[in-house]
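Input: a single structure, listed below in C-alpha cells.
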Amino acid sequence: MTAEPVPTYQLKIVLRDTSPPIWRRVTLPADASLGRLHDIIQTCFGWHDSHLHAFTEPGSGRQFVDLDSPLDRDPGRDVDEESASVAEVLPYESGRLEYTYDFGDDWRHQIILEKTLPASVGDRRVHCTGGRRAMPYAEDIGGVWGLQAVIDAVADRTASAPEPWTDLVETLREEGFDPAGFDRDTLDRELARLDPQPPTSAPAPRPAPKRAAAAPRGHLCSCGEIHDDEDLDVGLLAVRPVSLAPRAELATAARKVPLIDAALRLAQWCQDRRAVTSRDVLKPALGRAAVQELELWALDDELSALQPAERDKRLARLRSSGDLPCLDKPWRLALYTDLVEISSGAARSGTDLPVAEEDEGVLDLWCQALEAELDELDDFGTLGLPPVLLAALGMQGEDGDGLAAVVLRALYEVPNGEWLDTALLVDALRKGLPTREARLIELLRLQILDQAAIVLAEYQAADVETGPETGRPRDHILRIKGAADGSDDTPLPGNRLRLTPLGRHGLREYLLAEGIPAPLIGELADADAPTLLDALLDYDQESAQAEIAGWISQRGQGPAAVQLIDTCAGLEADAALRRLSAAPVLAELDEPRALAVLRKAAASKVPGCAQIAAITLSGRGEIPEGHGPELQLWGLIDHLWGPLGVADEALAAFLDQQGGSVLPLLEQAADDLWRCDHPATRAVLEAAGRHLKAPDKVLAKRLRKSATKVGSQRRQ
C-alpha cells in the first residue's frame with residue numbers, strides 16, 4: 001500500500017531576545033509530532049534536554065508538554081505533545097508557536113511556519129536549510145543575558161574570563177569559537193539522524209468552552225464561548241473582516257518607508273563584502289563611509305541640520321558604528337531580516353535581497369520588522385512604566401504578554417479612513433470596572449498606545465495626530481495618585497491614530513501571529529457552505545453582506561441554494577446555528593433556479609431543510625403548500641435554539657445583542673409558542689423566561705407559562 005504524500009513544512013526557529021538574532025531554518029514533514037519538534041529544536045540549538053519544556057499556542061494559551069515529566073499539570077490547559085502534529089497547531093503560513101526550554105533560564109523560541117512545500121512520498125528526513133550565528137554550550141548560564149555576557153567575554157580576549165562562566169569562556173576561546181559562524185552542513189547531518197514520527201497518542205482535545213457563573217454581558221462567538229468585553233484573552237474572538245489593498249501597491253508603499261529603504265540600500269552596499277567587528281557591526285571607517293555615501297545622515301535630524309563640513313567632523317569622531325542611530329537601526333534591521341549575512345568577519349548581501357522595484361518580497365520583510373517592534377510593546381520594561389504602577393496592578397515587567405494585542409486590536413477594528421481616539425479606549429475601559437482599577441489599566445494601555453504610535457508612524461503604518469498635551473512627558477506618578485484616591489478626572493489628551501492601507505496589512509499579520517483570527521472579506525468565496533455559515537457568525541452585517549455576495553457569485557445562485565439547504569438539515573442545536581447564519585444568505589437568492597430549489601426543499605420532509613426553505617419563501621410573500629402560520633413560531637424557536645444549544649449563557653448574550661429584533665416577536669407570540677412542534681420548544685421557553693425575568697418580568701412569566709403547556713395539545 002502506497003503511503004499518502006505529506007506536505008513539507010519550512011519553519012524558522014528564532015531564539016528570542018538575542019541580538020543579533022540566533023535562528024535556524026528547517027524543513028520537516030507536516031505530520032511530525034510536537035514531541036519530535038522538541039527533539040529538532042534541542043539539536044538546532046545545542047540543548048541537552050536536561051530541563052523541562054513546553055510549547056504554547058498563542059491566543060488559546062494551550063500548552064503541549066511531556067506528560068512524563070515530573071511536574072504538576074493543569075488538565076484544562078496542558079496537552080500531551082505526542083498527541084498533536086505540527087500541522088495541527090500551525091495550519092496556516094505565518095502561524096506561530098512558542099517553545100520554552102528551562103523555565104529557570106527561560107529560553108524562549110519563536111517558531112514560524114514560513115512555507116508549505118509540495119508533498120513528498122518516502123523522504124521524511126529533517127533538513128537544515130539556513131541559520132544565523134553559532135550557539136555555544138549554554139545550559140544553566142542564566143538565560144539570554146548570560147549568553148550575551150559569555151559571547152562578549154569570548155570576543156574580548158584581552159580581559160580575564162568573568163565569573164561564573166570562567167571555564168566556559170576559556171574553553172570557547174581555546175576552541176576558537178566564532179559567534180558569527182554557522183555550520184549548516186554539520187547541523188543538517190545531525191538532523192538527518194532524527195526520526196520525525198507522527199503523533200503516537202490520542203488526538204489532542206480542543207479547549208473546553210468557558211462557562212460563566214452568571215449570565216454575562218458579552219459576545220457570542222462561533223467558537224461557542226461568551227467573550228466579555230473587558231476580557232484580555234481575546235485570542236479566540238475574530239476581529240472585524242476587512243479588505244486589503246493589492247499586494248503590489250502595498251509592496252511599493254513598504255519600499256518607500258525610510259527605514260526599509262535605508263536597510264535595502266545598506267544591503268546592496270554590502271555586495272562587495274564589508275568588514276565587521278566581533279559585534280557584527282561595520283568597522284568605524286566603513287560605517288562613516290556608509291553614512292556619507294548612502295546619505296543615511298538624512299535619517300538623523302541633528303546631522304541633517306549641520307553643514308557638510310561640520311557633519312564630516314562629527315562623523316570623524318565616530319568610534320563605533322553602533323553609536324550612530326541613523327546607521328545602527330537600519331543595519332540591525334538588515335541583519336534581522338536577512339538582507340545582510342555575516343560570515344568570516346565580513347558582511348555581504350543576503351541571497352533573497354529584493355532588489356527589483358516590482359519584487360513584493362519587500363512587503364514580507366517590512367511585516368517582519370514591524371512585528372518585531374510591536375512585540376517589544378509587551379515588555380513593560382521598554383515602556384518606561386514606573387514600578388509603583390506595576391506594583392499597584394500586581395504585575396512584573398515581563399507580565400505584559402498579550403496586552404499590546406488588545407490595544408492594537410482596537411485600532412484594527414476602526415473602519416478604513418476613521419480615527420481611533422484615546423477617549424474611545426478610556427470610555428470602554430471604565431465600563432464595569434471600579435474607578436481605581438479602570439484608571440490604572442487606562443494608564444497602562446494609553447502608554448502602550450503612545451509607544452505604538454511612534455512605531456507605526458516610523459513604519460508609515462498609521463497617520464498620527466498628537467494631542468496638545470502629549471508633546472510633554474506624562475506625569476505618571478500624579479496620575480497614579482489620582483487613580484488611587486478614586487478621582488475620575490478627564491485624562492490628558494493623547495494621540496489619534498488612523499491606519500494606512502499598509503498599516504492594516506501589517507497589523508493583520510501581527511494579530512494573526514498573536515493567534516487572533518483576522519478574516520478577509522472574500523476569502524470564503526471558495527469555501528464550502530458549512531465553513532461559510534460558521535464564519536458568518538462572527539461577521540458584522542456589512543461584512544457579511546459583502547462576503548455573501550462574493551460566495552454566491554462564485555458558484556451561481558442555483559448551486560448556492562443546493563449547498564446551503566443541504567447544510568441546514570437536522571434539528572440539533574448545531575444545525576439551528578447554521579440556519580441562523582443561512583437565513584440572510586438565502587434571502588439574497590432571487591433567480592428562478594434558486595427559487596425552484598427552495599420550493600422543492602420546502603415540499604420535502606427533511607427536518608430543518610423544509611422549514612428554512614419555507615421561511616425563506618414566506619419572506620418573499622410566498623407561503624408553500626403544507627406550511628401555515630405556525631411556520632413563524634417554528635422559526636422563532638429555532639432562532640433561539642442555536643445559541644441555547646451552545647450554552648445557557650450563550651442564549652442570554654444572544655438576547656442582549658439581538659433584543660431589538662427578537663423581543664417584539666416574543667412579545668407578540670408568547671401565548672402561542674407552546675403550540676410549536678419544534679423539539680426544543682420547552683427548553684427554549686424555559687431558558688428565555690429565566691433570562692428575561694429581570695428586564696421584562698411580565699414577558700418572562702408568559703413564556704414560562706407557555707412552556708408548561710408544551711405537549712398538552714398532543715396529549716388531548
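All residue names refer to the C-alpha cells as shown: chains lettered A, B, ... in order, residues numbered from 1 in each chain, ligands numbered from 1 in order.
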
Write out as an mmCIF file with all heavy atoms, in the first residue's frame each polymer residue whose atoms come within 6 Å of range 89-102 of chain A, counting only C-alpha atoms; drop sequence neighbours fewer than 3 positions from it.
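Result file follows (out.cif):
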data_model
loop_
_atom_site.group_PDB
_atom_site.id
_atom_site.type_symbol
_atom_site.label_atom_id
_atom_site.label_comp_id
_atom_site.auth_asym_id
_atom_site.auth_seq_id
_atom_site.Cartn_x
_atom_site.Cartn_y
_atom_site.Cartn_z
ATOM 1 N N HIS A 51 16.239 19.843 31.041
ATOM 2 C CA HIS A 51 15.276 20.667 31.772
ATOM 3 C C HIS A 51 13.888 20.469 31.173
ATOM 4 O O HIS A 51 13.732 19.889 30.101
ATOM 5 C CB HIS A 51 15.656 22.155 31.701
ATOM 6 C CG HIS A 51 16.973 22.477 32.331
ATOM 7 N ND1 HIS A 51 17.129 22.622 33.686
ATOM 8 C CD2 HIS A 51 18.200 22.669 31.783
ATOM 9 C CE1 HIS A 51 18.402 22.897 33.960
ATOM 10 N NE2 HIS A 51 19.066 22.928 32.815
ATOM 11 N N LEU A 52 12.880 20.986 31.862
ATOM 12 C CA LEU A 52 11.511 20.910 31.372
ATOM 13 C C LEU A 52 11.314 21.844 30.184
ATOM 14 O O LEU A 52 12.069 22.797 29.985
ATOM 15 C CB LEU A 52 10.534 21.271 32.487
ATOM 16 C CG LEU A 52 10.551 20.363 33.720
ATOM 17 C CD1 LEU A 52 9.655 20.942 34.806
ATOM 18 C CD2 LEU A 52 10.122 18.949 33.361
ATOM 19 N N HIS A 53 10.264 21.565 29.426
ATOM 20 C CA HIS A 53 9.961 22.394 28.263
ATOM 21 C C HIS A 53 8.459 22.390 28.025
ATOM 22 O O HIS A 53 7.727 21.568 28.580
ATOM 23 C CB HIS A 53 10.687 21.873 27.020
ATOM 24 C CG HIS A 53 10.172 20.542 26.557
ATOM 25 N ND1 HIS A 53 10.626 19.343 27.071
ATOM 26 C CD2 HIS A 53 9.201 20.214 25.653
ATOM 27 C CE1 HIS A 53 9.987 18.342 26.500
ATOM 28 N NE2 HIS A 53 9.113 18.838 25.644
ATOM 29 N N ALA A 54 8.001 23.306 27.172
ATOM 30 C CA ALA A 54 6.575 23.360 26.817
ATOM 31 C C ALA A 54 6.411 24.155 25.527
ATOM 32 O O ALA A 54 7.131 25.126 25.278
ATOM 33 C CB ALA A 54 5.754 24.002 27.927
ATOM 34 N N PHE A 55 5.461 23.723 24.717
ATOM 35 C CA PHE A 55 5.002 24.505 23.574
ATOM 36 C C PHE A 55 3.753 25.259 24.013
ATOM 37 O O PHE A 55 2.898 24.697 24.707
ATOM 38 C CB PHE A 55 4.642 23.600 22.390
ATOM 39 C CG PHE A 55 5.802 22.878 21.769
ATOM 40 C CD1 PHE A 55 6.160 21.608 22.201
ATOM 41 C CD2 PHE A 55 6.531 23.462 20.751
ATOM 42 C CE1 PHE A 55 7.219 20.924 21.629
ATOM 43 C CE2 PHE A 55 7.599 22.792 20.163
ATOM 44 C CZ PHE A 55 7.950 21.520 20.604
ATOM 45 N N THR A 56 3.619 26.509 23.577
ATOM 46 C CA THR A 56 2.449 27.303 23.928
ATOM 47 C C THR A 56 1.808 27.831 22.663
ATOM 48 O O THR A 56 2.485 28.419 21.817
ATOM 49 C CB THR A 56 2.807 28.482 24.848
ATOM 50 O OG1 THR A 56 3.470 27.981 26.012
ATOM 51 C CG2 THR A 56 1.560 29.242 25.270
ATOM 52 N N GLU A 57 0.505 27.637 22.547
ATOM 53 C CA GLU A 57 -0.253 28.096 21.390
ATOM 54 C C GLU A 57 -0.743 29.512 21.657
ATOM 55 O O GLU A 57 -1.518 29.730 22.595
ATOM 56 C CB GLU A 57 -1.441 27.153 21.190
ATOM 57 C CG GLU A 57 -2.178 27.316 19.888
ATOM 58 C CD GLU A 57 -3.270 26.265 19.759
ATOM 59 O OE1 GLU A 57 -4.106 26.140 20.683
ATOM 60 O OE2 GLU A 57 -3.282 25.561 18.748
ATOM 61 N N VAL A 86 2.617 18.957 14.073
ATOM 62 C CA VAL A 86 2.973 20.345 13.777
ATOM 63 C C VAL A 86 1.883 20.990 12.929
ATOM 64 O O VAL A 86 1.518 22.151 13.129
ATOM 65 C CB VAL A 86 4.336 20.397 13.055
ATOM 66 C CG1 VAL A 86 4.696 21.831 12.695
ATOM 67 C CG2 VAL A 86 5.424 19.786 13.922
ATOM 68 N N ASP A 105 16.115 29.438 33.331
ATOM 69 C CA ASP A 105 16.818 30.335 32.408
ATOM 70 C C ASP A 105 15.871 30.960 31.399
ATOM 71 O O ASP A 105 16.187 31.991 30.801
ATOM 72 C CB ASP A 105 17.919 29.573 31.670
ATOM 73 C CG ASP A 105 19.171 29.400 32.523
ATOM 74 O OD1 ASP A 105 19.146 29.822 33.693
ATOM 75 O OD2 ASP A 105 20.168 28.852 32.019
ATOM 76 N N ASP A 106 14.715 30.326 31.173
ATOM 77 C CA ASP A 106 13.657 30.878 30.323
ATOM 78 C C ASP A 106 14.140 31.118 28.892
ATOM 79 O O ASP A 106 14.093 32.235 28.382
ATOM 80 C CB ASP A 106 13.122 32.185 30.923
ATOM 81 C CG ASP A 106 11.801 32.605 30.285
ATOM 82 O OD1 ASP A 106 11.049 31.724 29.862
ATOM 83 O OD2 ASP A 106 11.541 33.827 30.215
ATOM 84 N N TRP A 107 14.573 30.037 28.245
ATOM 85 C CA TRP A 107 14.972 30.141 26.830
ATOM 86 C C TRP A 107 13.704 30.042 25.987
ATOM 87 O O TRP A 107 13.110 28.981 25.846
ATOM 88 C CB TRP A 107 15.939 29.023 26.463
ATOM 89 C CG TRP A 107 17.235 29.053 27.214
ATOM 90 C CD1 TRP A 107 17.601 28.255 28.257
ATOM 91 C CD2 TRP A 107 18.342 29.913 26.959
ATOM 92 N NE1 TRP A 107 18.866 28.566 28.677
ATOM 93 C CE2 TRP A 107 19.353 29.583 27.898
ATOM 94 C CE3 TRP A 107 18.591 30.930 26.040
ATOM 95 C CZ2 TRP A 107 20.581 30.234 27.929
ATOM 96 C CZ3 TRP A 107 19.813 31.582 26.072
ATOM 97 C CH2 TRP A 107 20.786 31.233 27.004
ATOM 98 N N ARG A 108 13.310 31.149 25.398
ATOM 99 C CA ARG A 108 12.071 31.189 24.612
ATOM 100 C C ARG A 108 12.404 31.193 23.123
ATOM 101 O O ARG A 108 13.229 31.974 22.661
ATOM 102 C CB ARG A 108 11.238 32.416 24.974
ATOM 103 C CG ARG A 108 10.700 32.380 26.403
ATOM 104 C CD ARG A 108 9.866 33.608 26.700
ATOM 105 N NE ARG A 108 10.661 34.830 26.627
ATOM 106 C CZ ARG A 108 10.170 36.032 26.348
ATOM 107 N NH1 ARG A 108 8.885 36.169 26.108
ATOM 108 N NH2 ARG A 108 10.957 37.099 26.312
ATOM 109 N N HIS A 109 11.745 30.311 22.399
ATOM 110 C CA HIS A 109 11.960 30.167 20.966
ATOM 111 C C HIS A 109 10.645 30.467 20.245
ATOM 112 O O HIS A 109 9.594 29.965 20.637
ATOM 113 C CB HIS A 109 12.399 28.746 20.607
ATOM 114 C CG HIS A 109 13.564 28.231 21.404
ATOM 115 N ND1 HIS A 109 13.481 27.971 22.762
ATOM 116 C CD2 HIS A 109 14.839 27.916 21.030
ATOM 117 C CE1 HIS A 109 14.659 27.526 23.196
ATOM 118 N NE2 HIS A 109 15.489 27.481 22.170
ATOM 119 N N GLN A 110 10.726 31.243 19.207
ATOM 120 C CA GLN A 110 9.547 31.522 18.377
ATOM 121 C C GLN A 110 9.632 30.676 17.110
ATOM 122 O O GLN A 110 10.632 30.710 16.386
ATOM 123 C CB GLN A 110 9.474 33.003 18.008
ATOM 124 C CG GLN A 110 8.211 33.371 17.256
ATOM 125 C CD GLN A 110 8.137 34.849 16.969
ATOM 126 O OE1 GLN A 110 8.914 35.382 16.188
ATOM 127 N NE2 GLN A 110 7.192 35.534 17.596
ATOM 128 N N ILE A 111 8.571 29.916 16.841
ATOM 129 C CA ILE A 111 8.523 29.025 15.685
ATOM 130 C C ILE A 111 7.532 29.608 14.687
ATOM 131 O O ILE A 111 6.369 29.848 15.017
ATOM 132 C CB ILE A 111 8.074 27.610 16.114
ATOM 133 C CG1 ILE A 111 8.995 27.084 17.225
ATOM 134 C CG2 ILE A 111 8.051 26.661 14.927
ATOM 135 C CD1 ILE A 111 8.406 25.911 17.974
ATOM 136 N N ILE A 112 7.984 29.841 13.466
ATOM 137 C CA ILE A 112 7.165 30.469 12.436
ATOM 138 C C ILE A 112 7.064 29.524 11.245
ATOM 139 O O ILE A 112 8.089 29.046 10.742
ATOM 140 C CB ILE A 112 7.778 31.806 11.977
ATOM 141 C CG1 ILE A 112 8.056 32.723 13.176
ATOM 142 C CG2 ILE A 112 6.866 32.497 10.970
ATOM 143 C CD1 ILE A 112 8.995 33.865 12.863
ATOM 144 N N LEU A 113 5.847 29.255 10.790
ATOM 145 C CA LEU A 113 5.663 28.488 9.566
ATOM 146 C C LEU A 113 5.831 29.438 8.386
ATOM 147 O O LEU A 113 4.954 30.248 8.095
ATOM 148 C CB LEU A 113 4.285 27.823 9.532
ATOM 149 C CG LEU A 113 3.909 27.118 8.218
ATOM 150 C CD1 LEU A 113 4.955 26.079 7.833
ATOM 151 C CD2 LEU A 113 2.527 26.499 8.317
ATOM 152 N N GLU A 114 6.979 29.348 7.722
ATOM 153 C CA GLU A 114 7.262 30.256 6.613
ATOM 154 C C GLU A 114 6.602 29.802 5.312
ATOM 155 O O GLU A 114 6.036 30.609 4.580
ATOM 156 C CB GLU A 114 8.771 30.365 6.391
ATOM 157 C CG GLU A 114 9.507 31.055 7.515
ATOM 158 C CD GLU A 114 10.971 31.274 7.186
ATOM 159 O OE1 GLU A 114 11.643 30.337 6.697
ATOM 160 O OE2 GLU A 114 11.451 32.399 7.409
ATOM 161 N N LYS A 115 6.705 28.507 5.015
ATOM 162 C CA LYS A 115 6.180 27.997 3.748
ATOM 163 C C LYS A 115 5.671 26.575 3.921
ATOM 164 O O LYS A 115 6.184 25.814 4.746
ATOM 165 C CB LYS A 115 7.265 27.986 2.656
ATOM 166 C CG LYS A 115 7.790 29.342 2.229
ATOM 167 C CD LYS A 115 8.868 29.176 1.157
ATOM 168 C CE LYS A 115 9.454 30.522 0.754
ATOM 169 N NZ LYS A 115 10.544 30.355 -0.245
ATOM 170 N N ALA A 513 -0.300 36.478 13.979
ATOM 171 C CA ALA A 513 0.818 35.879 14.698
ATOM 172 C C ALA A 513 0.526 35.752 16.185
ATOM 173 O O ALA A 513 1.047 34.855 16.859
ATOM 174 C CB ALA A 513 2.084 36.715 14.484
#

Show which residues sit within 8 Å of range 342-349 of chain A, as a compact mmCIF listing (two decimals) with all heavy atoms, in the first residue's frame. Count only C-alpha atoms, and ignore same-chain residues fewer than 3 positions away.
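Okay, this is what ended up in result_31.txt:
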# COMPACT_ATOMS: atom_id res chain seq x y z
N ALA A 180 29.82 34.59 15.04
CA ALA A 180 29.17 34.88 13.76
C ALA A 180 29.11 33.67 12.84
O ALA A 180 28.45 33.70 11.81
CB ALA A 180 29.89 36.03 13.05
N GLY A 181 29.79 32.60 13.19
CA GLY A 181 29.83 31.44 12.32
C GLY A 181 28.60 30.57 12.49
O GLY A 181 27.97 30.53 13.54
N PHE A 182 28.25 29.86 11.41
CA PHE A 182 27.14 28.90 11.47
C PHE A 182 27.44 27.77 10.49
O PHE A 182 27.61 28.02 9.29
CB PHE A 182 25.81 29.56 11.14
CG PHE A 182 24.68 28.56 10.98
CD1 PHE A 182 24.31 27.75 12.06
CD2 PHE A 182 24.04 28.40 9.77
CE1 PHE A 182 23.29 26.82 11.91
CE2 PHE A 182 23.03 27.47 9.63
CZ PHE A 182 22.65 26.68 10.70
N ALA A 267 22.15 46.97 2.38
CA ALA A 267 22.37 45.59 1.93
C ALA A 267 23.01 45.56 0.55
O ALA A 267 23.95 44.78 0.29
CB ALA A 267 21.04 44.83 1.93
N GLN A 268 22.53 46.41 -0.35
CA GLN A 268 23.14 46.47 -1.68
C GLN A 268 24.58 46.98 -1.60
O GLN A 268 25.45 46.53 -2.36
CB GLN A 268 22.30 47.38 -2.59
CG GLN A 268 20.95 46.78 -2.97
CD GLN A 268 20.14 47.71 -3.84
OE1 GLN A 268 19.42 48.58 -3.34
NE2 GLN A 268 20.28 47.55 -5.14
N TRP A 269 24.83 47.87 -0.68
CA TRP A 269 26.18 48.43 -0.50
C TRP A 269 27.16 47.35 -0.05
O TRP A 269 28.37 47.47 -0.26
CB TRP A 269 26.08 49.56 0.53
CG TRP A 269 27.31 50.37 0.74
CD1 TRP A 269 27.82 51.34 -0.07
CD2 TRP A 269 28.19 50.29 1.87
NE1 TRP A 269 28.96 51.88 0.48
CE2 TRP A 269 29.21 51.26 1.66
CE3 TRP A 269 28.22 49.52 3.02
CZ2 TRP A 269 30.24 51.46 2.58
CZ3 TRP A 269 29.24 49.73 3.93
CH2 TRP A 269 30.23 50.67 3.71
N CYS A 270 26.64 46.29 0.55
CA CYS A 270 27.49 45.20 1.04
C CYS A 270 27.73 44.11 -0.01
O CYS A 270 28.28 43.05 0.32
CB CYS A 270 26.86 44.56 2.28
SG CYS A 270 26.90 45.59 3.76
N GLN A 271 27.36 44.35 -1.25
CA GLN A 271 27.57 43.34 -2.27
C GLN A 271 29.05 42.99 -2.44
O GLN A 271 29.40 41.88 -2.82
CB GLN A 271 26.99 43.81 -3.61
CG GLN A 271 25.47 43.74 -3.66
CD GLN A 271 24.91 44.20 -4.99
OE1 GLN A 271 25.55 44.98 -5.70
NE2 GLN A 271 23.73 43.72 -5.33
N ASP A 272 29.92 43.96 -2.20
CA ASP A 272 31.37 43.73 -2.34
C ASP A 272 32.02 43.25 -1.06
O ASP A 272 33.25 43.26 -0.95
CB ASP A 272 32.04 45.03 -2.80
CG ASP A 272 31.54 45.49 -4.16
OD1 ASP A 272 31.21 44.62 -4.98
OD2 ASP A 272 31.46 46.72 -4.37
N ARG A 273 31.22 42.83 -0.06
CA ARG A 273 31.69 42.37 1.25
C ARG A 273 32.34 43.52 2.02
O ARG A 273 33.24 44.19 1.53
CB ARG A 273 32.67 41.20 1.14
CG ARG A 273 32.04 39.94 0.54
CD ARG A 273 33.05 38.80 0.43
NE ARG A 273 33.52 38.33 1.72
CZ ARG A 273 32.90 37.42 2.44
NH1 ARG A 273 31.78 36.88 2.01
NH2 ARG A 273 33.40 37.02 3.60
N ARG A 274 31.86 43.72 3.21
CA ARG A 274 32.35 44.80 4.07
C ARG A 274 32.77 44.20 5.41
O ARG A 274 32.05 43.39 5.99
CB ARG A 274 31.26 45.84 4.30
CG ARG A 274 30.64 46.39 3.02
CD ARG A 274 31.57 47.31 2.26
NE ARG A 274 30.92 47.84 1.06
CZ ARG A 274 31.44 48.79 0.30
NH1 ARG A 274 32.61 49.32 0.60
NH2 ARG A 274 30.79 49.21 -0.78
N ALA A 275 33.92 44.61 5.90
CA ALA A 275 34.46 44.07 7.14
C ALA A 275 33.63 44.52 8.34
O ALA A 275 33.19 45.66 8.42
CB ALA A 275 35.91 44.50 7.32
N VAL A 276 33.41 43.58 9.30
CA VAL A 276 32.65 43.88 10.50
C VAL A 276 33.49 43.51 11.73
O VAL A 276 34.46 42.75 11.65
CB VAL A 276 31.32 43.11 10.54
CG1 VAL A 276 30.42 43.53 9.40
CG2 VAL A 276 31.55 41.60 10.51
N THR A 277 33.08 44.05 12.85
CA THR A 277 33.74 43.76 14.12
C THR A 277 33.19 42.47 14.70
O THR A 277 32.28 41.85 14.15
CB THR A 277 33.53 44.90 15.11
OG1 THR A 277 32.15 44.91 15.50
CG2 THR A 277 33.88 46.25 14.49
N SER A 278 33.71 42.08 15.86
CA SER A 278 33.22 40.87 16.53
C SER A 278 31.79 41.03 17.01
O SER A 278 31.11 40.05 17.30
CB SER A 278 34.12 40.53 17.72
OG SER A 278 34.12 41.59 18.67
N ASP A 280 29.48 42.27 15.11
CA ASP A 280 28.69 42.26 13.88
C ASP A 280 28.23 43.64 13.45
O ASP A 280 27.15 43.79 12.85
CB ASP A 280 27.48 41.33 14.01
CG ASP A 280 27.88 39.87 14.00
OD1 ASP A 280 29.05 39.58 13.72
OD2 ASP A 280 27.01 39.02 14.27
N LEU A 339 18.65 40.60 5.08
CA LEU A 339 19.11 41.37 3.92
C LEU A 339 20.63 41.36 3.86
O LEU A 339 21.22 41.47 2.78
CB LEU A 339 18.61 42.82 4.02
CG LEU A 339 17.10 43.03 3.94
CD1 LEU A 339 16.77 44.50 4.15
CD2 LEU A 339 16.57 42.55 2.60
N LEU A 353 17.75 39.18 -1.39
CA LEU A 353 17.61 40.63 -1.37
C LEU A 353 16.64 41.09 -2.47
O LEU A 353 16.87 40.84 -3.65
CB LEU A 353 18.98 41.28 -1.60
CG LEU A 353 19.01 42.81 -1.65
CD1 LEU A 353 18.58 43.40 -0.31
CD2 LEU A 353 20.42 43.30 -2.00

So how many Å separate CA of Val606 in chain A and CA of Val662 in chain A, to one decimal?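 Taking CA of Val606 in chain A and CA of Val662 in chain A, their separation equals 26.2 Å.
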
At a cut-off of 12 Å, using only C-alpha atoms, what residues contact His627 in chain A? Leave out same-chain residues fewer than 4 positions from it and give the result as JSON, numbers by chain. {"A": [599, 602, 603, 604, 605, 610, 611, 612, 613, 614, 615, 617, 618, 622, 623, 631, 632, 633, 634, 635]}

Limited to N, CA, C and O atoms, could you put the picked residues into a file as a short mmCIF file (atom, residue, chain, number, x, y, z; two decimals), in the first residue's frame?
data_model
loop_
_atom_site.label_atom_id
_atom_site.label_comp_id
_atom_site.auth_asym_id
_atom_site.auth_seq_id
_atom_site.Cartn_x
_atom_site.Cartn_y
_atom_site.Cartn_z
N ARG A 599 -38.35 25.77 -3.32
CA ARG A 599 -39.70 25.19 -3.33
C ARG A 599 -39.64 23.67 -3.17
O ARG A 599 -40.46 23.09 -2.45
N ALA A 602 -38.85 22.96 0.45
CA ALA A 602 -39.99 23.25 1.32
C ALA A 602 -41.02 22.14 1.26
O ALA A 602 -41.72 21.86 2.26
N ALA A 603 -41.15 21.49 0.10
CA ALA A 603 -42.12 20.41 -0.05
C ALA A 603 -41.60 19.08 0.46
O ALA A 603 -42.35 18.10 0.55
N SER A 604 -40.32 19.03 0.81
CA SER A 604 -39.72 17.78 1.28
C SER A 604 -40.09 17.53 2.74
O SER A 604 -40.68 18.38 3.41
N LYS A 605 -39.73 16.37 3.21
CA LYS A 605 -39.98 16.03 4.62
C LYS A 605 -38.69 16.07 5.44
O LYS A 605 -38.66 15.55 6.56
N ALA A 610 -36.73 21.65 5.17
CA ALA A 610 -38.07 22.06 4.75
C ALA A 610 -38.46 23.38 5.40
O ALA A 610 -39.00 24.29 4.74
N GLN A 611 -38.18 23.52 6.68
CA GLN A 611 -38.61 24.73 7.39
C GLN A 611 -37.84 25.98 6.95
O GLN A 611 -38.44 27.04 6.73
N ILE A 612 -36.51 25.88 6.83
CA ILE A 612 -35.74 27.08 6.46
C ILE A 612 -36.08 27.51 5.03
O ILE A 612 -36.14 28.71 4.73
N ALA A 613 -36.34 26.54 4.15
CA ALA A 613 -36.73 26.88 2.78
C ALA A 613 -38.09 27.57 2.77
O ALA A 613 -38.30 28.57 2.07
N ALA A 614 -39.04 27.03 3.54
CA ALA A 614 -40.38 27.62 3.59
C ALA A 614 -40.35 29.01 4.21
O ALA A 614 -41.05 29.93 3.74
N ILE A 615 -39.54 29.20 5.27
CA ILE A 615 -39.42 30.52 5.90
C ILE A 615 -38.84 31.53 4.92
O ILE A 615 -39.28 32.69 4.85
N LEU A 617 -39.06 31.45 1.60
CA LEU A 617 -40.08 31.76 0.60
C LEU A 617 -41.17 32.66 1.17
O LEU A 617 -41.67 33.58 0.49
N SER A 618 -41.53 32.42 2.44
CA SER A 618 -42.57 33.26 3.05
C SER A 618 -42.10 34.71 3.17
O SER A 618 -42.91 35.64 3.12
N GLU A 622 -44.48 34.27 -0.39
CA GLU A 622 -44.95 33.00 -0.95
C GLU A 622 -45.03 31.96 0.16
O GLU A 622 -44.01 31.57 0.73
N ILE A 623 -46.26 31.51 0.50
CA ILE A 623 -46.44 30.51 1.53
C ILE A 623 -46.53 29.13 0.85
O ILE A 623 -47.51 28.84 0.16
N LEU A 631 -45.44 28.29 10.98
CA LEU A 631 -44.07 28.32 10.46
C LEU A 631 -43.25 29.41 11.15
O LEU A 631 -42.08 29.21 11.47
N GLN A 632 -43.87 30.57 11.38
CA GLN A 632 -43.15 31.67 12.02
C GLN A 632 -42.81 31.34 13.48
O GLN A 632 -41.76 31.74 13.99
N LEU A 633 -43.70 30.60 14.14
CA LEU A 633 -43.40 30.17 15.51
C LEU A 633 -42.20 29.23 15.52
O LEU A 633 -41.32 29.33 16.38
N TRP A 634 -42.22 28.29 14.58
CA TRP A 634 -41.11 27.33 14.48
C TRP A 634 -39.79 28.07 14.24
O TRP A 634 -38.76 27.76 14.85
N GLY A 635 -39.84 29.06 13.37
CA GLY A 635 -38.63 29.81 13.06
C GLY A 635 -38.10 30.58 14.25
O GLY A 635 -36.89 30.67 14.47
#
